[in-house]
Structures are given as structure tokens and as C-alpha cells.
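Participant: Below: one structure in C-alpha cells.
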Amino acid sequence: MGVLRAYRGLLVDGALIRLLFGEFVSSIGDWLYLVALLVIVYERSNDPVLLGVVGAARVLPYVFLSVPAGIVADRYDRRLVLLSTDLARGAIMLAIAALVAFGGPDGPLWPIVALAIVATCFSSFFGPTIGAFLPSLVGDESRLGPANSAWASLDNVAFIVGPAIGGVLISLSGLTAAFLLNAVSFAVVAAVLWRLPAGRPSGAPAATPESAAPSAEPSDSAGARALSPRTAPGPSARSIARPVAGLALLDVVAGFAFGGLSVLTVVLATSTFHAGEEATGYLNAAIGVGGLAGAVVSGALMLRPSLAPPLIGGAVLLALGLAGLGAVGSIVPALVAMTVASAGSLLIEVVDATVFQRVVPDALRGRALGAIATVSTLAYAGGSFALPVLAGSVGVGPVLTVSGLAVVVAAIVALVAVGPAARRSPDPEEALLRRVAGLPLFTGIAPSRLEAILARRRMRDVVAGQSILRQGDPPDRFAVIVAGRFDVSRLEPGAAAPVHLRTMGPDEVFGEIGLLTGVPRTATVTAAIDGRLLELEGADFLELVAAGPGVANRFLDLHRGGRAASGHGRRVSGT
């Protein structure tokens with residue numbers, strides 16, 4: 001129920017849902033593009049060294065442009081920045097498709113590589129800009145973690161199915177179709193997200209264009225940190241330096257470890273497990289499966305008031321998975337270990353993202369994201385180079401084990417650095433539901449069941465003098481008093497005026513007996529002052545009563561106790 005609750009809460013954010021859909025479509029398109037690019041480079045050059053150079057060249061723009069991209073994101077309309085980069089990348093995909101279609105199998109390769117690098121330069125603006133743009137798309141902080149989880153879940157689904165779709169498409173339709181469909185994905189994103197609100201930085205002038213919309217490319221390391229709530233520019237750069245440094249340290253260490261692991265999969269598959277080169281694909285598939293599992297489960301964990309346990313838990317899972325990879329001797333347990341490591345890595349990523357969004361104000365978010373993206377990319381590249389070298393001298397097992405321990409230490413240091421930001425105060429709605437769920441009347445009802453029923457509540461604000469229930473009306477709903485005072489009166493047969501029976505206050509209930517017995521309302525309830533009620537429809541109340549042993553008897557005891565005391569004007573039930 002926790003996972004369902006986490007993702008169900010996102011459905012109220014229509015703009016966010018549209019964005020997640022667009023991001024998923026774009027991520028699939030990115031994988032089509034990447035698979036096609038690597039295939040065409042290798043086909044036309046037949047040179048694995050050039051293939052590696054192209055791969056490295058696609059990373060370098062993130063190193064050099066992430067910080068400038070963050071500055072741009074904090075100075076200009078973020079939606080307009082995203083639109084500009086989307087249009088540029090879509091145009092580049094069309095140009096590459098034309099070169100592939102009309103250049104023939106022996107056409108020049110360098111224009112395609114050059115265009116791919118230019119496309120990556122535009123892509124480097126995506127992470128910092130989308131991370132700074134999205135504050136208006138997450139309704140409140142309680143949905144922040146689940147939104148990050150949903151983002152990561154869809155990204156990992158694309159990671160699993162995208163390359164497969166790309167391979168099938170290329171085999172059936174050729175390389176040109178992959179580039180064209182990636183261009184189409186940019187158009188889909190623009191069409192879906194056209195009506196999203198403008199993304200002006202905090203304090204920016206209002207005179208900015210309103211007609212742009214972002215697209216999606218969640219492939220960069222900062223992408224998972226993209227979702228954040230509305231925040232006003234409060235803390236200064238100096239005041240957030242310590243928590244941001246702690247989170248950056250965790251990013252660097254985890255990126256270094258996973259960067260090395262991404263290369264060591266080849267060594268593990270061929271030399272350690274002797275499973276052949278195809279086992280490299282199996283291990284990478286396990287990364288996708290583990291990442292998806294970690295992202296989905298993190299949706300429920302993000303509802304916790306404190307994110308410290310999920311962060312440490314993710315670090316421990318990553319460490320155990322890495323150690324397991326270094327200790328096992330066959331491919332099957334290695335797949336399990338890789339899945340565990342990837343799940344831990346995604347859990348760290350989502351928690352890290354959520355804490356970052358709590359700490360960094362809107363006016364500084366783009367620059368902070370740009371700086372972290374730069375060091376994270378460098379760390380990932382450094383791990384890709386250094387860990388295989390170290391593994392060759394001291395062994396794969398010790399290198400992976402030490403890397404995992406380093407991540408655990410970095411997670412502890414990050415928690416110390418972020419301090420109170422790792423704990424979220426419950427929002428008013430959460431606090432209200434906890435308060436209602438804690439009433440003795442509901443003892444014995446499973447928390448998940450109570451949560452599901454209370455989710456159908458209606459909050460009703462009333463004014464002094466307003467009649468809530470009228471004597472003689474058919475029973476239709478049950479109410480818990482959240483705030484205010486309510487007078488209960490009854491008109492006895494032959495009496496000229498109703499008799500005041502009692503006044504009820506917060507955490508008292510009414511309307512239960514009519515629903516339990518089916519009799520008309522036996523009293524009138526009127527608001528003495530302005531107040532607020534939590535109401536359940538009759539069917540939902542009866543489901544609540546049936547959800548736990550003794551609940552119906554406790555409500556009936558209210559009625560019996562109320563009848564005994566009603567002559568003293570202290571208590572009544574039967575409404």
C-alpha cells in the first residue's frame with residue numbers, strides 16, 4: 001500500500017504527469033539514437049578505438065558546459081531555454097538522418113560524429129535547467145520523493161526496453177528510422193508539455209515569453225535530481241555550502257564506483273565468470289532491472305519523515321552488491337549481486353535528489369546542479385579508467401569491496417553534512433490524517449486499510465450558524481470534527497423549541513448511529529463557530545467500521561453513553 005500511496009498522490013499533479021510521460025517518450029528516443037549512433041560509427045570505421053573516442057567525446061560537453069548551463073538556468077526563462085535546446089536537438093537528428101539516408105554505406109563519418117557532439121552540447125543544458133524549472137510541477141514536499149522515484153522508474157524502464165526497441169527497429173527499418181524517431185520524440189514532448197507554466201527563476205522579471213515547453217533527456221547524471229517543490233530564494237550560497245558539499249561527495253564516490261563497474265562488467269563476464277561476451281549484456285540488463293526495482297520501492301520509502309535510513313540502506317545495498325560481484329564465481333549469483341548493487345545505487349540517487357531539493361533554493365538551484373553534474377561526470381569517467389587499472393593489479397574483488405565501503409562512508413558523511421534537511425516535517429494534511437487515525441475509535445484497523453479509506457475523505461469548511469445535520473433527515477455521511485465547536489439539539493414531541501443537548505469540539509464525531517442503524521437523524525448539529533470537518537460518505541464509513549474488530553461496538557458505546565448522559569446536557573449520540 002505504501003508504494004501505491006506514493007504514486008497515487010502524484011496523480012493530482014497534471015502537469016507533472018504530462019512531463020513524466022514526455023520524459024519517458026524522449027528517453028526511449030534517446031536510446032534509439034544512441035544505439036544507432038554506435039552502430040553507424042562501428043560499421044563505417046570498423047575501429048573500436050574510434051568507437052571509444054566517440055563515446056568519450058559525448059561525455060566531455062557535460063564537463064565543460066554544465067556550469068555555464070546552470071548559470072543560464074538561473075538567469076533566463078527556464079522553459080524557453082529547454083525549448084531552444086529541444087528544437088536544436090530535433091533539427092540535428094533530422095540532419096543526421098539525412099546524412100545516413102543519402103550518404104550511403106560509404107559516406108563520410110565525421111559530419112555525423114560532429115553533429116552528435118553538437119547535440120550533446122545542447123543536451124548538457126538539460127539537467128541543470130530541468131532541475132531548476134520543475135518547482136512549480138510538484139504540489140508539495142510530501143510528493144517530492146515519490147516524484148523523483150517515478151522519474152527514476154520510467155528512466156529505468158526506458159533503459160531496459162529502449163536498446164531492445166532500437167535493435168529491433170534498426171534490423172527492420174534501418175538506421176535512418178532511429179534518428180527520425182528521436183527527432184519525433186522531441187516533437188511529442190513539445191506537444192505534450194506545451195502548456196506547462198513558464199520557468200522564471202525566483203526574483204526574475206515577469207516579462208519573459210510564455211509560449212515554450214520543455215522536452216526530456218534524462219540520460220545525464222543530474223537528471224534524477226530534477227524534481228523539486230516550490231521554494232522561495234531564502235538561504236544564501238554560503239549557508240548551503242556544507243550540505244551541498246556533502247551531497248556532492250556522495251555523488252562523486254558513488255559515480256566513481258559505478259563508473260568503474262560499468263567497465264568491469266566486461267572483465268567479470270569474460271575473465272572472472274568465463275561466460276562469454278554475451279554475459280556483458282546480461283549484467284547490464286541486471287543493472288536496469290535493479291535500478292527499476294530500487295526506483296519503484298523508493299517511492300514508498302520517500303514517504304518516511306526521515307530519509308537517513310533509506311540513504312544508508314541504499315549505500316549498504318550497493319556495497320553488498322559490489323562485494324558479492326567480487327566474491328562469486330559464476331554468472332547467475334553475479335546477476336543477483338548486480339541487481340542488488342543497482343537497486344542500492346538508485347535508492348541513493350533518489351534520496352540524494354530529494355534532500356538536495358530541500359536544501360537548495362530556487363534561485364541557486366541551476367548553478368548548484370551544474371557544478372554537481374560537472375564533478376559527477378568527471379568522477380564517473382575517473383572510475384571508468386582507474387578501477388579497471390586497480391583491478392588488474394590487486395584483483396577485482398578487493399577493488400569492488402573497497403569501493404562499496406567508500407560509498408557507505410560517503411553516505412554517512414553526507415548525512416552529517418545535510419543535518420536536519422534529511423528529515424521532513426509532515427505537511428498539514430499528513431498531520432491531520434495521523435491525528436484522525438490515532439483516535440481510539442479506530443484502534444484495530446490495519447493502517448493500510450485505514451489510510452485507503454481516509455483517502456476518500458472530504459474536507460468541509462463551515463461557518464457559524466450553518467446546519468450540518470438536521471433532525472429527521474436520512475443518514476448519508478459521518479464526520480470527524482477537525483476544528484470548531486458544534487451544538488447538538490433535539491426537538492422533542494410536543495415541545496415548542498429544540499433542547500440543547502451538548503457542544504462538541506475537535507476530535508469528536510457525529511453521524512455514526514444513523515448510518516449504523518439506518519434510522520433518520522435524531523438530532524440537529526449546528527456550527528457554533530467557524531470550523532472544519534473531515535467527512536466520509538455512508539458507504540465509506542460502513543467499510544471503515546467493518547475493517548477492524550470491535551469498531552462497531554465502540555461507536556455503539558458512544559451512543560449508549562450519550563443517551564445516559566444526555567439528560568445532563570453533556571453528551572448525545574444518535575445523529
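Residue names in the C-alpha cells use chain letters A, B, ... in the order shown, residue numbers from 1 in each chain, and ligand numbers from 1 in the order shown.
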Give me the residues near range 271-281 of chain A as a PyMOL selection string, where near means some atom within 9 Å (using only C-alpha atoms) and where sequence neighbours in that chain fewer than 5 positions away do not count.

Facilitator: chain A and resi 265-266+286+326+328-331+334+396

Participant: Could you save the residues just selected, with N, CA, C and O atoms, as a PDB file, in the first residue's frame?

Facilitator:
```pdb
ATOM      1  N   THR A 265      32.300  -4.781 -15.965  1.00  0.00           N
ATOM      2  CA  THR A 265      31.366  -5.834 -16.363  1.00  0.00           C
ATOM      3  C   THR A 265      31.944  -6.712 -17.468  1.00  0.00           C
ATOM      4  O   THR A 265      31.700  -7.925 -17.500  1.00  0.00           O
ATOM      5  N   VAL A 266      32.713  -6.118 -18.365  1.00  0.00           N
ATOM      6  CA  VAL A 266      33.333  -6.897 -19.435  1.00  0.00           C
ATOM      7  C   VAL A 266      34.351  -7.867 -18.859  1.00  0.00           C
ATOM      8  O   VAL A 266      34.402  -9.047 -19.229  1.00  0.00           O
ATOM      9  N   ALA A 286      20.829  -6.607 -15.825  1.00  0.00           N
ATOM     10  CA  ALA A 286      20.612  -6.663 -14.375  1.00  0.00           C
ATOM     11  C   ALA A 286      20.702  -5.269 -13.760  1.00  0.00           C
ATOM     12  O   ALA A 286      20.005  -4.972 -12.780  1.00  0.00           O
ATOM     13  N   GLY A 326      32.423  -9.286  -6.540  1.00  0.00           N
ATOM     14  CA  GLY A 326      33.833  -9.647  -6.442  1.00  0.00           C
ATOM     15  C   GLY A 326      34.068 -10.999  -5.819  1.00  0.00           C
ATOM     16  O   GLY A 326      35.174 -11.550  -5.937  1.00  0.00           O
ATOM     17  N   VAL A 328      31.656 -13.869  -5.956  1.00  0.00           N
ATOM     18  CA  VAL A 328      31.052 -15.037  -6.602  1.00  0.00           C
ATOM     19  C   VAL A 328      31.887 -15.465  -7.798  1.00  0.00           C
ATOM     20  O   VAL A 328      32.698 -14.700  -8.325  1.00  0.00           O
ATOM     21  N   GLY A 329      31.642 -16.690  -8.235  1.00  0.00           N
ATOM     22  CA  GLY A 329      32.441 -17.221  -9.326  1.00  0.00           C
ATOM     23  C   GLY A 329      31.655 -17.644 -10.542  1.00  0.00           C
ATOM     24  O   GLY A 329      32.222 -18.229 -11.465  1.00  0.00           O
ATOM     25  N   SER A 330      30.354 -17.366 -10.570  1.00  0.00           N
ATOM     26  CA  SER A 330      29.548 -17.757 -11.726  1.00  0.00           C
ATOM     27  C   SER A 330      28.547 -16.661 -12.049  1.00  0.00           C
ATOM     28  O   SER A 330      28.287 -15.763 -11.234  1.00  0.00           O
ATOM     29  N   ILE A 331      27.963 -16.750 -13.229  1.00  0.00           N
ATOM     30  CA  ILE A 331      27.166 -15.649 -13.746  1.00  0.00           C
ATOM     31  C   ILE A 331      25.832 -15.494 -13.033  1.00  0.00           C
ATOM     32  O   ILE A 331      25.361 -14.370 -12.826  1.00  0.00           O
ATOM     33  N   ALA A 334      26.105 -13.691  -9.836  1.00  0.00           N
ATOM     34  CA  ALA A 334      26.600 -12.360 -10.193  1.00  0.00           C
ATOM     35  C   ALA A 334      25.461 -11.462 -10.657  1.00  0.00           C
ATOM     36  O   ALA A 334      25.446 -10.261 -10.375  1.00  0.00           O
ATOM     37  N   VAL A 396      39.855  -7.927  -8.830  1.00  0.00           N
ATOM     38  CA  VAL A 396      38.536  -7.320  -8.943  1.00  0.00           C
ATOM     39  C   VAL A 396      37.822  -7.287  -7.593  1.00  0.00           C
ATOM     40  O   VAL A 396      37.203  -6.287  -7.214  1.00  0.00           O
TER      41      VAL A 396
END
```

Participant: Rounded to one decimal, what separation in Å do you get between CA of Ser467 in chain A and CA of Phe442 in chain A?

Facilitator: 26.5 Å

Participant: Skipping near chain neighbours, those fewer than 2 positions away, what residues fall within 12 Å of Pro447 in chain A using only C-alpha atoms, listed as a list in words?

Facilitator: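 In the requested format, the answer is Met1, Gly2, Leu433, Arg434, Val436, Ala437, Gly438, Phe442, Thr443, Gly444, Ile445, Arg449, Leu450, Glu451, Ala452, Ile453, Leu454, Ala455, Leu544, Ala547 and Gly548 of chain A.
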
Participant: Just the residues within 8 Å of Val408 in chain A, please, counting only C-alpha atoms, with nothing from its chain fewer than 2 positions along; format it as a list in words.

Facilitator: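 Result of the neighbour search: Ile312, Ala315, Val316, Ala319, Gly404, Leu405, Ala406, Ala410, Ala411 and Ile412 of chain A.
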
Participant: Go through A:Met302, A:Val551, A:Val41, A:Ala308 and flag the residue nearest Ala417 in chain A, using only C-alpha atoms for the distances.

Facilitator: A:Ala308

Participant: Considering only C-alpha atoms, can you say which of A:Leu247, A:Arg78, A:Pro440, A:Ile96 comes closest to Gly550 in chain A?

Facilitator: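 Checking each of A:Leu247, A:Arg78, A:Pro440, A:Ile96 against Gly550 in chain A, counting only C-alpha atoms, the winner is A:Pro440.
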
Participant: So which one's closest to Ala552 in chain A, A:Ser345, A:Ser153, A:Thr524, A:Ile513? Using only C-alpha atoms, please.

Facilitator: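 Of the candidates, the smallest distance to Ala552 in chain A is held by A:Ile513.
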
Participant: One decimal, Å: what's the distance from CA of Leu303 in chain A over to CA of Asp155 in chain A, could you say?

Facilitator: 20.6 Å

Participant: From the set A:Ala496, A:Leu556, A:Ala479, A:Val59, which residue has the shortest atom-to-atom contact distance to Val525 in chain A, counting only C-alpha atoms?

Facilitator: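 With only C-alpha atoms as the atom set, the closest residue is A:Ala479.
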
Participant: Which of these, A:Pro108, A:Gly366, A:Pro309, A:Pro361, has the shortest distance to Asp77 in chain A once you count only C-alpha atoms?

Facilitator: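 Nearest candidate to Asp77 in chain A out of A:Pro108, A:Gly366, A:Pro309, A:Pro361: A:Gly366.
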
Participant: For Tyr76 in chain A, which residue among A:Phe122, A:Phe24, A:Trp110, A:Phe133 is the nearest when counting only C-alpha atoms?

Facilitator: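 Ranking A:Phe122, A:Phe24, A:Trp110, A:Phe133 by distance to Tyr76 in chain A, first place goes to A:Phe133.
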
Participant: So how many Å separate CA of Leu19 in chain A and CA of Gln357 in chain A, to one decimal?

Facilitator: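 We find that CA of Leu19 in chain A and CA of Gln357 in chain A lie 18.0 Å from each other.
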
Participant: Could you give me, as a PyMOL selection string, each residue of range 331-481 of chain A that DSSP assigns to strand (DSSP E or B) when run on this structure's backbone?

Facilitator: chain A and resi 423+458-462+467-469+477-481

Participant: Keeping only C-alpha atoms, take the residues you just selected and write them out as a short mmCIF file (atom, residue, chain, number, x, y, z; two decimals), in the first residue's frame.

Facilitator:
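Below is the file selection-v5.cif, written as the result:
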```
data_model
loop_
_atom_site.label_atom_id
_atom_site.label_comp_id
_atom_site.auth_asym_id
_atom_site.auth_seq_id
_atom_site.Cartn_x
_atom_site.Cartn_y
_atom_site.Cartn_z
CA ARG A 423 14.11 14.91 7.99
CA ARG A 458 -13.88 15.25 2.02
CA MET A 459 -12.67 18.26 3.95
CA ARG A 460 -15.51 20.69 4.61
CA ASP A 461 -15.18 24.21 5.94
CA VAL A 462 -18.28 25.54 7.72
CA SER A 467 -26.66 23.44 9.93
CA ILE A 468 -24.59 20.34 9.31
CA LEU A 469 -27.20 17.64 10.04
CA ARG A 477 -22.39 10.76 5.97
CA PHE A 478 -20.11 10.61 9.01
CA ALA A 479 -17.97 13.47 10.32
CA VAL A 480 -14.90 14.00 12.49
CA ILE A 481 -14.52 17.49 13.93
#
```
